[in-house]
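Here is the file query.txt (compact mmCIF, C-alpha atoms).
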# COMPACT_ATOMS: atom_id res chain seq x y z
CA MET A 1 -76.61 -111.84 62.18
CA PRO A 2 -73.29 -110.25 61.29
CA VAL A 3 -71.69 -113.68 60.84
CA LEU A 4 -74.43 -114.75 58.50
CA THR A 5 -74.22 -111.55 56.59
CA ILE A 6 -70.54 -112.01 55.98
CA LEU A 7 -71.33 -115.49 54.72
CA VAL A 8 -73.66 -113.98 52.21
CA PHE A 9 -71.23 -111.42 51.03
CA ALA A 10 -68.56 -114.03 50.61
CA THR A 11 -70.83 -116.30 48.63
CA PRO A 12 -70.36 -116.09 44.89
CA ALA A 13 -73.36 -115.17 42.85
CA PHE A 14 -75.44 -118.09 41.70
CA PRO A 15 -78.73 -118.13 39.91
CA ILE A 16 -81.68 -117.34 42.10
CA THR A 17 -84.96 -118.93 41.28
CA HIS A 18 -88.22 -117.29 42.13
CA GLU A 19 -89.70 -120.63 43.00
CA PHE A 20 -87.57 -120.98 46.07
CA PHE A 21 -89.32 -118.26 47.95
CA THR A 22 -92.81 -118.72 46.76
CA THR A 23 -95.63 -119.24 49.19
CA ASN A 24 -98.07 -122.10 49.11
CA SER A 25 -100.33 -120.09 46.87
CA GLY A 26 -97.50 -119.61 44.45
CA GLN A 27 -97.04 -115.93 45.22
CA PRO A 28 -93.46 -114.74 45.41
CA ARG A 29 -91.94 -113.69 48.66
CA LEU A 30 -88.85 -111.63 48.34
CA ASN A 31 -88.69 -110.00 51.73
CA VAL A 32 -87.15 -113.03 53.33
CA ASP A 33 -85.31 -112.48 56.54
CA TYR A 34 -83.35 -114.74 58.81
CA ASN A 35 -86.30 -115.96 60.86
CA GLU A 36 -88.35 -116.69 57.81
CA VAL A 37 -85.56 -118.70 56.29
CA GLN A 38 -85.30 -120.67 59.48
CA THR A 39 -88.96 -121.55 59.35
CA LEU A 40 -88.43 -123.02 55.93
CA VAL A 41 -85.95 -125.50 57.26
CA ASP A 42 -86.87 -128.89 58.65
CA PRO A 43 -85.02 -129.15 61.99
CA ASN A 44 -84.71 -132.92 61.69
CA SER A 45 -83.27 -133.28 58.25
CA GLY A 46 -81.64 -129.90 58.01
CA VAL A 47 -83.19 -129.62 54.60
CA SER A 48 -85.73 -127.03 53.69
CA GLN A 49 -89.15 -127.91 52.49
CA TYR A 50 -87.94 -126.99 49.05
CA GLY A 51 -85.15 -129.51 49.19
CA VAL A 52 -82.44 -126.93 49.67
CA ASN A 53 -79.61 -127.37 52.09
CA VAL A 54 -79.73 -125.18 55.21
CA GLU A 55 -76.61 -123.31 54.33
CA GLN A 56 -77.83 -122.73 50.84
CA ALA A 57 -81.17 -121.65 52.22
CA LEU A 58 -79.58 -119.11 54.45
CA THR A 59 -77.29 -117.76 51.81
CA ARG A 60 -79.92 -117.75 49.15
CA GLY A 61 -82.38 -116.17 51.49
CA PHE A 62 -80.08 -113.38 52.29
CA TRP A 63 -78.96 -113.10 48.75
CA VAL A 64 -82.47 -112.60 47.60
CA SER A 65 -83.38 -110.05 50.19
CA PHE A 66 -80.06 -108.38 50.41
CA TRP A 67 -78.53 -108.28 47.03
CA SER A 68 -81.69 -107.81 45.08
CA GLY A 69 -80.71 -110.99 43.35
CA SER A 70 -84.27 -111.46 42.32
CA TYR A 71 -86.60 -108.82 41.02
CA ILE A 72 -90.29 -108.49 40.67
CA HIS A 73 -91.54 -107.12 37.45
CA CYS A 74 -93.86 -104.20 37.94
CA ASP A 75 -95.39 -101.53 35.83
CA PRO A 76 -95.91 -98.11 37.37
CA GLU A 77 -98.74 -97.48 34.98
CA ASP A 78 -100.89 -100.40 35.88
CA LEU A 79 -102.21 -100.86 39.35
CA SER A 80 -99.90 -103.63 40.39
CA LEU A 81 -98.12 -101.42 42.88
CA PRO A 82 -100.28 -98.38 43.29
CA THR A 83 -99.31 -97.61 46.83
CA TYR A 84 -95.68 -97.22 46.02
CA TYR A 85 -96.23 -94.57 43.41
CA PRO A 86 -98.11 -91.74 45.02
CA ASP A 87 -98.43 -88.56 43.09
CA LYS A 88 -96.49 -86.47 45.53
CA PRO A 89 -93.66 -87.95 47.52
CA THR A 90 -92.94 -85.90 50.58
CA ALA A 91 -89.37 -85.30 49.50
CA PHE A 92 -87.07 -86.29 46.69
CA ALA A 93 -83.31 -86.37 46.45
CA SER A 94 -81.14 -87.14 43.49
CA ILE A 95 -78.25 -89.33 44.53
CA PRO A 96 -74.98 -88.02 43.12
CA TRP A 97 -73.01 -90.68 41.30
CA THR A 98 -70.62 -91.00 38.46
CA ILE A 99 -71.14 -93.47 35.64
CA PRO A 100 -69.57 -95.69 34.61
CA LYS A 101 -67.69 -96.99 37.55
CA GLU A 102 -65.59 -100.02 38.11
CA ASP A 103 -67.12 -103.37 38.65
CA LEU A 104 -68.35 -104.05 42.14
CA LEU A 105 -66.93 -106.64 44.43
CA THR A 106 -68.21 -108.64 47.33
CA TYR A 107 -68.29 -106.99 50.67
CA GLU A 108 -65.22 -108.84 51.90
CA GLU A 109 -63.24 -108.11 48.79
CA ARG A 110 -64.15 -104.50 49.16
CA ARG A 111 -63.02 -104.48 52.75
CA ALA A 112 -59.79 -106.18 51.76
CA GLY A 113 -59.06 -103.31 49.38
CA ILE A 114 -59.23 -105.40 46.22
CA LYS A 115 -59.70 -103.31 43.11
CA PRO A 116 -62.62 -104.20 40.89
CA LYS A 117 -62.44 -104.87 37.16
CA GLY A 118 -64.95 -105.29 34.40
CA ALA A 119 -68.22 -103.80 33.30
CA TYR A 120 -70.63 -101.87 35.43
CA SER A 121 -74.05 -103.41 35.36
CA LEU A 122 -77.45 -102.65 36.78
CA ASP A 123 -76.95 -105.46 39.23
CA ASP A 124 -73.81 -103.76 40.48
CA VAL A 125 -75.74 -100.62 41.20
CA ALA A 126 -78.26 -102.66 43.14
CA LYS A 127 -75.42 -104.20 45.10
CA SER A 128 -73.92 -100.80 45.83
CA ILE A 129 -77.19 -99.47 47.15
CA GLY A 130 -77.63 -102.72 49.04
CA VAL A 131 -74.31 -102.25 50.79
CA ALA A 132 -75.16 -98.66 51.66
CA LEU A 133 -78.53 -99.70 53.01
CA HIS A 134 -77.05 -102.52 55.03
CA GLU A 135 -74.40 -100.32 56.57
CA SER A 136 -77.08 -97.84 57.51
CA GLY A 137 -79.17 -100.44 59.29
CA TYR A 138 -81.61 -101.35 56.51
CA SER A 139 -81.11 -105.07 56.29
CA ASN A 140 -84.31 -106.00 54.53
CA PHE A 141 -86.02 -104.41 51.57
CA TYR A 142 -88.02 -105.19 48.49
CA SER A 143 -86.80 -104.89 44.93
CA TYR A 144 -88.78 -104.60 41.75
CA TRP A 145 -87.97 -104.41 38.11
CA LEU A 146 -89.43 -101.52 36.26
CA ALA A 147 -91.73 -102.58 33.49
CA ARG A 148 -90.52 -102.56 29.94
CA GLY A 149 -92.05 -99.23 29.13
CA HIS A 150 -90.06 -97.66 31.96
CA GLY A 151 -87.01 -99.83 32.11
CA PRO A 152 -84.39 -100.78 32.22
CA GLY A 153 -84.24 -100.00 35.88
CA PHE A 154 -85.36 -101.14 39.27
CA VAL A 155 -86.89 -99.94 42.48
CA LEU A 156 -85.68 -100.69 45.99
CA ILE A 157 -88.26 -100.15 48.68
CA CYS A 158 -87.19 -99.90 52.28
CA PRO A 159 -89.65 -100.96 54.96
CA VAL A 160 -91.61 -98.34 56.83
CA GLU A 161 -89.61 -97.10 59.77
CA GLN A 162 -90.56 -95.05 62.76
CA ILE A 163 -88.57 -91.88 63.20
CA ARG A 164 -88.37 -88.83 65.41
CA ALA A 165 -89.37 -85.36 64.29
CA ASP A 166 -85.78 -84.66 63.22
CA GLY A 167 -85.64 -87.73 61.01
CA THR A 168 -83.45 -89.89 63.22
CA PRO A 169 -84.79 -93.39 63.78
CA VAL A 170 -86.39 -94.22 67.10
CA SER A 171 -84.64 -96.68 69.38
CA LYS A 172 -87.68 -98.86 70.00
CA ASN A 173 -90.05 -100.41 67.43
CA ARG A 174 -88.20 -98.79 64.57
CA TRP A 175 -89.54 -101.10 61.89
CA SER A 176 -93.21 -100.73 62.57
CA PHE A 177 -96.26 -98.64 62.09
CA ASP A 178 -97.09 -99.04 65.79
CA VAL A 179 -98.03 -96.19 68.08
CA PRO A 180 -94.88 -94.34 69.11
CA ALA A 181 -93.18 -95.56 72.25
CA TYR A 182 -92.20 -93.01 74.85
CA GLU A 183 -88.44 -92.56 75.12
CA PHE A 184 -87.76 -91.71 78.72
CA SER A 185 -86.09 -88.49 79.74
CA ILE A 186 -86.58 -86.21 82.71
CA LYS A 187 -87.17 -83.26 80.40
CA THR A 188 -90.08 -84.82 78.59
CA LEU A 189 -91.68 -86.76 81.42
CA LEU A 190 -94.10 -84.04 82.46
CA SER A 191 -95.00 -82.96 78.96
CA ALA A 192 -95.69 -86.59 78.00
CA MET A 193 -98.44 -86.63 80.63
CA PHE A 194 -100.23 -83.64 79.20
CA LYS A 195 -99.19 -83.29 75.58
CA ALA A 196 -99.74 -85.54 72.62
CA LEU A 197 -96.98 -87.92 71.60
CA PRO A 198 -96.97 -87.83 67.82
CA GLY A 199 -95.56 -90.60 65.70
CA TYR A 200 -93.49 -90.05 62.57
CA TYR A 201 -92.87 -92.65 59.92
CA ARG A 202 -91.13 -92.77 56.60
CA MET A 203 -90.57 -95.08 53.73
CA ILE A 204 -87.62 -94.56 51.41
CA LEU A 205 -87.81 -95.74 47.86
CA PHE A 206 -84.88 -95.78 45.46
CA VAL A 207 -85.44 -95.68 41.76
CA VAL A 208 -82.63 -96.42 39.36
CA SER A 209 -83.72 -95.96 35.80
CA GLU A 210 -82.82 -94.54 32.47
CA LYS A 211 -86.10 -92.73 32.10
CA ASP A 212 -87.77 -90.43 34.55
CA ILE A 213 -90.42 -92.02 36.67
CA VAL A 214 -93.83 -90.46 36.15
CA PRO A 215 -95.67 -90.59 39.45
CA LYS A 216 -99.24 -91.72 39.40
CA ASP A 217 -102.14 -89.77 40.73
CA VAL A 218 -102.90 -92.28 43.45
CA GLU A 219 -103.31 -91.34 47.06
CA LEU A 220 -101.02 -93.18 49.41
CA THR A 221 -102.74 -94.17 52.62
CA ALA A 222 -101.34 -95.89 55.67
CA LYS A 223 -103.93 -98.62 55.27
CA ALA A 224 -102.92 -99.29 51.71
CA LEU A 225 -99.29 -99.33 52.71
CA LYS A 226 -99.94 -101.85 55.45
CA GLU A 227 -101.80 -104.11 53.08
CA ALA A 228 -99.28 -103.81 50.29
CA SER A 229 -97.25 -106.94 49.81
CA PRO A 230 -94.81 -108.03 47.18
CA GLY A 231 -97.00 -110.34 45.22
CA PHE A 232 -96.84 -109.10 41.68
CA LEU A 233 -94.46 -111.37 39.95
CA GLU A 234 -94.80 -111.22 36.25
CA GLU A 235 -92.23 -112.52 33.89
CA PRO A 236 -88.78 -111.21 34.75
CA PRO A 237 -86.89 -109.38 32.04
CA LYS A 238 -85.12 -111.58 29.58
CA GLU A 239 -81.80 -110.02 30.33
CA LYS A 240 -80.17 -110.58 33.66
CA ALA A 241 -79.41 -107.55 35.74
CA SER A 242 -75.74 -108.36 35.58
CA LYS A 243 -75.90 -108.14 31.78
CA ILE A 244 -77.58 -104.76 31.55
CA PRO A 245 -74.93 -102.07 31.25
CA VAL A 246 -75.39 -98.85 33.10
CA THR A 247 -74.89 -95.85 30.91
CA PRO A 248 -74.48 -92.16 31.79
CA GLY A 249 -78.16 -91.74 31.04
CA PHE A 250 -79.11 -93.61 34.20
CA HIS A 251 -80.00 -91.78 37.35
CA CYS A 252 -80.74 -92.73 40.91
CA GLY A 253 -83.30 -90.94 43.02
CA ALA A 254 -84.55 -91.37 46.55
CA TYR A 255 -88.23 -90.78 47.19
CA VAL A 256 -89.15 -90.27 50.80
CA TYR A 257 -92.72 -90.77 51.91
CA GLU A 258 -93.59 -89.48 55.32
CA PHE A 259 -96.50 -90.26 57.57
CA GLU A 260 -97.56 -88.67 60.79
CA ARG A 261 -99.70 -89.85 63.64
CA PRO A 262 -100.81 -86.60 65.33
CA THR A 263 -101.56 -88.35 68.62
CA ARG A 264 -101.32 -91.93 69.78
CA ASN A 265 -105.09 -92.12 69.39
CA ASP A 266 -104.92 -91.41 65.66
CA ASP A 267 -104.00 -93.42 62.61
CA PRO A 268 -100.99 -92.34 60.59
CA VAL A 269 -101.72 -90.09 57.64
CA PHE A 270 -99.59 -89.30 54.64
CA LYS A 271 -97.78 -85.98 54.81
CA ASP A 272 -97.82 -83.82 51.73
CA HIS A 273 -95.06 -81.60 52.94
CA SER A 274 -92.19 -82.06 55.29
CA ASP A 275 -89.92 -79.78 57.24
CA LEU A 276 -87.06 -82.10 56.37
CA SER A 277 -85.45 -82.47 53.00
CA ALA A 278 -84.91 -85.89 51.49
CA ARG A 279 -81.20 -85.44 51.99
CA THR A 280 -81.72 -84.78 55.69
CA HIS A 281 -83.74 -87.97 55.88
CA LEU A 282 -81.00 -89.96 54.22
CA ALA A 283 -78.32 -88.33 56.32
CA SER A 284 -80.17 -89.06 59.55
CA THR A 285 -79.13 -92.71 59.42
CA GLY A 286 -75.84 -92.22 57.65
CA LEU A 287 -77.41 -93.50 54.46
CA TRP A 288 -76.48 -90.44 52.43
CA ASP A 289 -72.79 -90.79 53.18
CA HIS A 290 -72.85 -94.52 52.52
CA LEU A 291 -74.66 -94.02 49.22
CA VAL A 292 -72.27 -91.36 48.06
CA ASN A 293 -69.39 -93.52 49.11
CA GLU A 294 -70.72 -96.58 47.33
CA LEU A 295 -71.83 -94.85 44.15
CA LYS A 296 -69.05 -92.34 43.71
CA MET B 1 -115.15 -91.85 115.27
CA SER B 2 -118.29 -89.89 114.46
CA VAL B 3 -120.06 -90.29 111.16
CA SER B 4 -119.65 -86.57 110.40
CA GLU B 5 -115.90 -86.76 110.76
CA ALA B 6 -115.78 -89.83 108.51
CA GLN B 7 -117.99 -88.10 105.95
CA GLN B 8 -115.77 -85.05 105.87
CA THR B 9 -112.56 -87.01 105.44
CA ILE B 10 -113.96 -89.17 102.66
CA ALA B 11 -115.53 -86.14 100.98
CA LYS B 12 -112.16 -84.34 101.08
CA VAL B 13 -110.46 -87.30 99.42
CA TRP B 14 -113.08 -87.35 96.69
CA PHE B 15 -113.05 -83.59 96.10
CA PHE B 16 -109.28 -83.49 96.00
CA GLY B 17 -108.95 -86.53 93.77
CA SER B 18 -111.67 -85.39 91.40
CA GLY B 19 -110.25 -81.88 91.28
CA VAL B 20 -106.78 -83.05 90.36
CA ALA B 21 -108.12 -85.44 87.72
CA ILE B 22 -110.36 -82.77 86.21
CA ILE B 23 -107.52 -80.25 86.07
CA ALA B 24 -105.29 -82.86 84.44
CA LEU B 25 -107.91 -83.66 81.85
CA ILE B 26 -108.61 -79.99 81.12
CA THR B 27 -104.88 -79.39 80.67
CA GLN B 28 -104.61 -82.36 78.36
CA SER B 29 -107.61 -81.19 76.37
CA LEU B 30 -106.14 -77.71 75.94
CA PHE B 31 -102.70 -79.00 74.95
CA GLY B 32 -104.03 -81.32 72.26
CA TYR B 33 -103.27 -84.55 74.09
CA TRP B 34 -106.49 -86.11 72.88
CA GLY B 35 -106.45 -84.61 69.41
CA ASP B 36 -109.96 -84.64 68.04
CA LYS B 37 -111.07 -87.23 70.59
CA VAL B 38 -111.53 -84.86 73.52
CA SER B 39 -115.21 -85.67 73.88
CA ASP B 40 -114.43 -89.40 73.96
CA ALA B 41 -112.02 -88.84 76.82
CA TRP B 42 -114.52 -86.82 78.83
CA SER B 43 -117.25 -89.32 78.06
CA TRP B 44 -115.14 -91.98 79.70
CA PHE B 45 -113.99 -89.82 82.59
CA LEU B 46 -117.18 -88.26 83.90
CA PRO B 47 -118.98 -91.52 84.74
CA THR B 48 -115.96 -92.65 86.72
CA ILE B 49 -116.33 -89.92 89.32
CA LEU B 50 -119.69 -88.21 88.95
CA PRO B 51 -122.07 -90.80 90.46
CA THR B 52 -120.17 -91.07 93.73
CA LEU B 53 -119.29 -87.40 93.80
CA THR B 54 -122.92 -86.46 93.26
CA LEU B 55 -123.94 -88.66 96.17
CA ILE B 56 -121.35 -87.06 98.42
CA VAL B 57 -122.22 -83.51 97.37
CA SER B 58 -125.94 -84.00 97.78
CA SER B 59 -125.41 -85.47 101.23
CA VAL B 60 -123.13 -82.61 102.24
CA VAL B 61 -125.61 -80.06 100.92
CA ALA B 62 -128.52 -81.72 102.68
CA ASP B 63 -126.64 -81.75 105.96
CA ALA B 64 -125.64 -78.13 105.54
CA ARG B 65 -129.24 -77.06 104.91
CA LYS B 66 -130.47 -78.85 107.96
CA GLN B 67 -127.49 -77.61 109.92
CA ARG B 68 -127.18 -80.97 111.50
CA ARG B 69 -124.13 -82.85 112.57
CA SER B 70 -124.38 -86.51 113.24
CA GLU B 71 -122.69 -87.52 116.42
CA MET B 72 -123.47 -91.11 115.76
CA GLN B 73 -120.40 -93.25 116.11
CA ILE B 74 -119.21 -95.59 113.43
CA GLU B 75 -116.72 -98.39 113.47
CA GLN B 76 -113.22 -97.65 112.33
CA PHE B 77 -112.96 -100.65 110.02
CA PRO B 78 -115.52 -99.71 107.32
CA TYR B 79 -114.27 -96.15 107.48
CA MET B 80 -110.68 -97.19 106.82
CA ILE B 81 -111.73 -99.45 103.96
CA ALA B 82 -113.78 -96.68 102.36
CA LEU B 83 -110.99 -94.17 102.81
CA TRP B 84 -108.14 -96.25 101.41
CA LEU B 85 -110.22 -97.78 98.68
CA SER B 86 -111.08 -94.22 97.59
CA VAL B 87 -107.41 -93.32 97.56
CA PHE B 88 -106.58 -96.45 95.58
CA TYR B 89 -109.43 -95.74 93.19
CA PHE B 90 -108.08 -92.28 92.42
CA ILE B 91 -104.57 -93.62 91.90
CA CYS B 92 -106.05 -95.95 89.28
CA VAL B 93 -107.94 -93.04 87.69
CA PHE B 94 -104.78 -90.91 87.58
CA ILE B 95 -102.88 -93.74 85.92
CA SER B 96 -105.62 -94.13 83.31
CA VAL B 97 -105.63 -90.41 82.57
CA LEU B 98 -101.91 -89.63 82.73
CA ALA B 99 -100.15 -92.80 81.63
CA GLY B 100 -101.57 -92.92 78.12
CA ASN B 101 -98.24 -92.11 76.49
CA PHE B 102 -96.24 -94.57 78.54
CA THR B 103 -97.94 -97.83 77.72
CA LYS B 104 -98.23 -99.85 74.56
CA TYR B 105 -101.88 -98.83 74.32
CA ALA B 106 -103.21 -95.63 72.83
CA PRO B 107 -104.54 -93.31 75.57
CA LEU B 108 -108.16 -93.81 74.66
CA GLU B 109 -107.65 -97.54 74.47
CA LEU B 110 -106.06 -97.50 77.92
CA MET B 111 -109.08 -95.68 79.29
CA LYS B 112 -111.39 -98.31 77.91
CA ILE B 113 -109.26 -101.15 79.23
CA SER B 114 -109.06 -99.55 82.66
CA GLY B 115 -112.81 -100.00 82.91
CA LEU B 116 -111.99 -103.61 83.70
CA TRP B 117 -110.61 -102.72 87.10
CA LEU B 118 -112.25 -99.37 87.73
CA GLY B 119 -115.74 -100.81 87.26
CA PRO B 120 -115.55 -103.36 90.08
CA LEU B 121 -113.74 -100.87 92.30
CA GLN B 122 -116.45 -98.32 91.73
CA GLY B 123 -119.09 -100.89 92.64
CA LEU B 124 -117.38 -101.65 95.93
CA LEU B 125 -116.89 -98.00 96.71
CA SER B 126 -120.49 -97.14 95.98
CA ALA B 127 -121.62 -99.65 98.58
CA LEU B 128 -119.14 -98.41 101.17
CA ILE B 129 -119.74 -94.72 100.59
CA ALA B 130 -123.47 -95.21 100.72
CA LEU B 131 -122.94 -96.54 104.22
CA PHE B 132 -121.69 -93.14 105.29
CA PHE B 133 -123.74 -90.80 103.19
CA VAL B 134 -127.02 -92.38 102.21
CA LYS B 135 -127.89 -93.68 105.64
CA GLN B 136 -127.07 -90.45 107.32
CA SER B 137 -128.94 -88.38 104.80
CA SER B 138 -132.07 -90.45 105.05
CA SER B 139 -131.94 -90.57 108.82
Re-express the file's structure as structure tokens.
Amino acid sequence: MPVLTILVFATPAFPITHEFFTTNSGQPRLNVDYNEVQTLVDPNSGVSQYGVNVEQALTRGFWVSFWSGSYIHCDPEDLSLPTYYPDKPTAFASIPWTIPKEDLLTYEERRAGIKPKGAYSLDDVAKSIGVALHESGYSNFYSYWLARGHGPGFVLICPVEQIRADGTPVSKNRWSFDVPAYEFSIKTLLSAMFKALPGYYRMILFVVSEKDIVPKDVELTAKALKEASPGFLEEPPKEKASKIPVTPGFHCGAYVYEFERPTRNDDPVFKDHSDLSARTHLASTGLWDHLVNELK
Amino acid sequence: MSVSEAQQTIAKVWFFGSGVAIIALITQSLFGYWGDKVSDAWSWFLPTILPTLTLIVSSVVADARKQRRSEMQIEQFPYMIALWLSVFYFICVFISVLAGNFTKYAPLELMKISGLWLGPLQGLLSALIALFFVKQSSS
């Protein structure tokens, strides 16, 4: 995985087509991960079913999922993505950043200490957040364009992750809505026999936009979240993300949605209020520091 | 070994096992282990012990009223099977009640699944325990 990731970072940007990761029904699939890319490849010919070379498939696959190289067009006001816009996120944090900043570089160039030059585009912001997410353990996420009425801007949606009560991610079944797994310790062994083992989950959503996002009055349920899938491709914006300049009017916010499963017998329910701030959530995986570092 | 001695030993195992399981379930119920599904847990639990326990208690009570003590001898083999199968049965019950947070199944789901092995075990035990209690009570 790390080797492949480096490959992706080192790969120069090339146009990404939506068609490459469409399903048989023609619906787009942007949450492509390594295993999925592998399934697209014919083991005999080494060529994917879409006629793309394996190496290209891997790099493109990661590019799409990692760099937000492809966006889905969505409108917060229609019902295309209702579950991602609940009225009340559990917590919200404004990510501190300074605009404009220097052009972004690839991961390797960054590591090599090369100084960036050029304009600062919306795509660069996506890449910065992508790097921060990757370094914090979020290797797969969805990205969506904001609709014209709300754009320019985009949304990055991290997958639902299972956490502990203090916000730190669990060591087992982190990326799932499954019942919480018991983490062995002598201290908790007895209480685990007689007390409920609650499950905590969160989904972090980043919004980068020029205008404030107006949340919709739609209840977010665990069921709806499970069923939600990125299948709302409309026409992408005419301008490429790399051509859209980021101005001081842009802002980046992190919306944290929390769910709780009171006991292992129950289904997870959306939490209106949390004991943890959004910043604590982001800091629990090191994401806050990485974001500040990438966007400063 | 006399039938009375066998009865007493088996009855002790059942009273002790049932007592521990009931205390565990009460504790769990009070500490919110089952959430709002307390009645579901008890609905599963009671049928796992009550039929056999009722048989044992009624036999013990009947014997106490008549102040009789059977000196009839019984073979060691069925006694040992009944005794150790009872012990094994209660170990399985304890696992079903206490291990809900340690498996991949939700506690209530584990209880339902455990019916797969507790059901046949209970059937075997009923036949064996009846050998000691029903026969003696009716005689």
For Ser114 in chain B, the nearest of the candidates B:Gln8, B:Gln73, B:Thr48, B:Ser58, counting only C-alpha atoms: B:Thr48
Straight-line distance linking CA of Trp42 in chain B with CA of Leu131 in chain B, stated in Å to one decimal: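 Separation between CA of Trp42 in chain B and CA of Leu131 in chain B: 28.5 Å.
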Which residue of A:Lys211, A:Leu276, A:Phe194, A:Arg264 approaches Phe94 in chain B most closely, using all atoms listed in the file: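 Using all atoms listed in the file, the shortest distance to Phe94 in chain B belongs to A:Phe194.
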Nearest to chain B, chosen from A:Pro245, A:Pro268, A:Gly286, A:Pro198, with all atoms listed in the file counted in the distances: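 That would be A:Pro198, the residue with the smallest distance to chain B.
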Selected residue, from A:Arg261, A:Lys243, A:Arg202, A:Lys187, that lies nearest to chain B when counting only C-alpha atoms: A:Arg261
9 Å contacts from chain B to chain A using only C-alpha atoms, as a count of residues only: 26
Point-to-point distance in Å for CA of Ile157 in chain A and CA of Ile204 in chain A: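 Distance reported for this atom pair: 6.3 Å.
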Point-to-point distance from CA of Phe259 in chain A to CA of Ile95 in chain B, Å rounded to tenths: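 The value is 29.3 Å.
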